[in-house]
Structure formats: structure tokens, C-alpha cells
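S.K.: Got a structure here, written out as C-alpha cells. Questions coming.
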Amino acid sequence: LSIATTHTQARYVLPEPVALLRRRYPKVNVSLHQGTPEQVAQMLLEEHADIGLATESLAGFDELVTLPCYSWQHMLVVPAAHVLASVERPTLEQLAAEPLVSYHPSFTGRGRIDAAFARARLKPEVVLEAIDSDVIKTYVRLGLGVGIVAEMAVRDEAAGGELVVRPLGYLFGQNVSRVAFKRGAYLRNFVYTFAELLSERLTRALILRDTHAENLLWLP
């Protein structure tokens, strides 16, 4: 099973479904290919991957069948001693007044963040951009700035720890990660099983009902 995805998905979303798939299909080996959302799409189009998972861009390719997988929001990450750690709902103005550490513009919903600041006519200073959520959290711990990361990247941050997290969906909206296949691809049954393990939304019935799924052929 060849999976094309971004770093955040590979690090925080895929481990459990991959492990479950291996238990069900112990003879199936898994290959993870990490890249930008555009590279994920290209790997599917060139048939280097059976299935792709990313937040941005996948729905923009007519040659791909895409389905919503799960929704998530951005989260603020600050050191426990930071002034914003005591603010339950920080404003865009408060965030724009701080040095920001967040994702590269092509990754993990960064476009929604930039658009929200632009609508408010604010120009925050992004002092560091990364594709790795763990890198962002590391620099936040070092005091480089306040972090904006994906929700799944902070689920393991314990309350009372060195980092404080706050939801920012009310500022930046909801993001949707999508699963994708190349239109007309021959997909074996374990690929369908893996898609189902990714999300309760991804059932075979849903895929078959999708208007673009008529060219997907499921093989045993």
C-alpha cells in the first residue's frame, strides 16, 4: 500500500489506521511518501501512490476523486508563562502583535490564517515557517514566538505542561482533510479498507454514491 501525504498527516493521523491495517492484512507492506499537497496529487496522478491524504489542493485536480475525511481547526500554542496563556479567546489583533511561528504557506491550512489577517487588514510578523508541527512547538518552547499549529498536533499536550493550547477555529474557520484516488485507478480491497479506517465518513457506500466514483474499480 503506497500512501502519499503531508508530514502532519503522516505524523499525527496515519499511525493508528496503518497499524490497524497491518493487523488485518499482515502481508501488506506500507510505503509512506511525504511531500507538499501538490506533490501528493502528483504522486497519485503518476500512480506512485494508491491513496493520498492532505488538506489543501487535492480537490482542485479533475483527474482525482476526492472525499472529505475529517475536519480540524488551528490551535494557538504558547509557553505557560506567556501573557496569552491566560487568554481564553485571543483576538486577531493580539496574535498580530506577537511574533508568529507557523506553517509554510503551502501546508496545513496556512492560507486560511493569512486570509483572516488580510481581511482584518493586519500584517503579522511570521518569524519562522516550517512544515513540521514538532519543529514549530520546539521553537515556541524556546521563546521564538507564539505558534499556530494543527489541532491533531497538540492532542497529546498535557494540561499543566510547559505549553498552553487554545482553539482558534473561531478566527480561522474549519479545515477539511481529504482523501484522494486517481480517477479510474484499480484499487485493491485493502486500499478501500484503509480508507475506511481513516474516517467513519469513508464508507464503501459513500464512495459508490459519489458522482465521481464510477470509474473506481475495487479488486479483491
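Identifiers for the C-alpha cells are assigned positionally: chains receive A, B, ... in sequence, residues are indexed from 1 per chain, and ligands are indexed from 1 in the order shown.
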With region 41-62 of chain A as the partner and 10 Å as the cut-off, tabulate the residues of region 87-163 of chain A that qualify, each row holding the nearest pair of atoms and their distance in Å to one decimal, using only C-alpha atoms, sorted by chain and rising number, as a Markdown table.

M.R.:
```
| residue | atom | partner | partner_atom | distance |
| --- | --- | --- | --- | --- |
| A:Ser106 | CA | A:Glu56 | CA | 7.8 |
| A:Phe107 | CA | A:Glu56 | CA | 7.2 |
| A:Thr108 | CA | A:Thr55 | CA | 6.2 |
| A:Gly109 | CA | A:Thr55 | CA | 6.7 |
| A:Arg110 | CA | A:Glu56 | CA | 9.3 |
| A:Gly111 | CA | A:Glu56 | CA | 9.0 |
```

S.K.: Those same residues, written as a tab-separated table (two decimals), in the first residue's frame with C-alpha atoms?

M.R.:
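Just written: again.tsv:
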```tsv
chain	number	residue	atom	x	y	z
A	106	SER	CA	1.61	25.69	1.13
A	107	PHE	CA	0.96	23.48	4.16
A	108	THR	CA	-1.69	22.66	6.75
A	109	GLY	CA	-4.26	25.36	6.14
A	110	ARG	CA	-1.82	28.27	6.27
A	111	GLY	CA	-3.83	30.02	3.56
```

S.K.: Using only C-alpha atoms, which protein or nucleic acid residues come within 9 Å of Leu122 (chain A)? Drop anything in the same chain fewer than 6 positions from it, and give the result as a PyMOL selection string.

M.R.: chain A and resi 92-93+96+116

S.K.: Take the residues just selected and output them with all heavy atoms as a compact mmCIF listing (two decimals), in the first residue's frame.

M.R.:
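result-v5.txt, freshly written:
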```
# COMPACT_ATOMS: atom_id res chain seq x y z
N LEU A 92 -7.49 38.45 16.77
CA LEU A 92 -6.52 38.58 15.68
C LEU A 92 -5.51 39.69 15.98
O LEU A 92 -4.32 39.56 15.68
CB LEU A 92 -7.23 38.87 14.36
CG LEU A 92 -7.92 37.70 13.66
CD1 LEU A 92 -8.69 38.20 12.45
CD2 LEU A 92 -6.91 36.64 13.24
N GLU A 93 -6.00 40.78 16.59
CA GLU A 93 -5.11 41.88 16.93
C GLU A 93 -4.05 41.45 17.94
O GLU A 93 -2.88 41.85 17.84
CB GLU A 93 -5.92 43.05 17.48
CG GLU A 93 -6.77 43.78 16.44
CD GLU A 93 -8.03 43.00 16.04
OE1 GLU A 93 -8.39 42.03 16.76
OE2 GLU A 93 -8.64 43.36 15.03
N ALA A 96 -1.56 39.27 16.06
CA ALA A 96 -0.74 40.05 15.13
C ALA A 96 0.32 40.87 15.85
O ALA A 96 1.33 41.26 15.25
CB ALA A 96 -1.63 40.98 14.30
N ALA A 116 -7.39 35.39 6.95
CA ALA A 116 -8.07 36.01 8.08
C ALA A 116 -7.38 37.31 8.49
O ALA A 116 -8.03 38.33 8.75
CB ALA A 116 -8.12 35.05 9.26
```

S.K.: Using only C-alpha atoms, can you tell me which of A:Leu100, A:Gly173, A:Thr203, A:Ala195 comes closest to Leu21 (chain A)?

M.R.: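 Closest residue, counting only C-alpha atoms: A:Ala195.
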
S.K.: Just list the residues in chain A DSSP gives alpha helix (DSSP H) on the backbone, as a ChimeraX atom specification.

M.R.: /A:7-12,15-24,37-45,92-96,110-119,133-141,169-172,189-198,204-209

S.K.: Which residues are close to Ile148 (chain A), i.e. within 7 Å by only C-alpha atoms, leaving aside same-chain residues fewer than 2 positions away? Reply as an NGL selection string.

M.R.: :A and (74-77 or 101-102 or 146)

S.K.: Given the choices A:Leu64, A:Glu125, A:Ala118, A:Gln73, which gets closest to Ala97 (chain A) if the distance is worked out from only C-alpha atoms?

M.R.: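 Distance minimum relative to Ala97 (chain A) lands on A:Glu125.
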
S.K.: Using DSSP on the backbone coordinates, identify all residues within region 3-217 of chain A classified as strand (DSSP E); present the result as a PyMOL selection string.

M.R.: chain A and resi 3-5+31-34+51-54+64-72+74-79+100-103+126-130+146-150+163-167+175-182+186-188+217

S.K.: One number please: CA of Gly169 (chain A) to CA of Glu196 (chain A), in Å, one decimal.

M.R.: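 These two atoms are separated by 26.3 Å.
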
S.K.: Nearest residue to Ala153 (chain A) out of A:Val40, A:Ile3, A:Ala10, A:Val28, using only C-alpha atoms?

M.R.: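 Nearest to Ala153 (chain A): A:Ala10.
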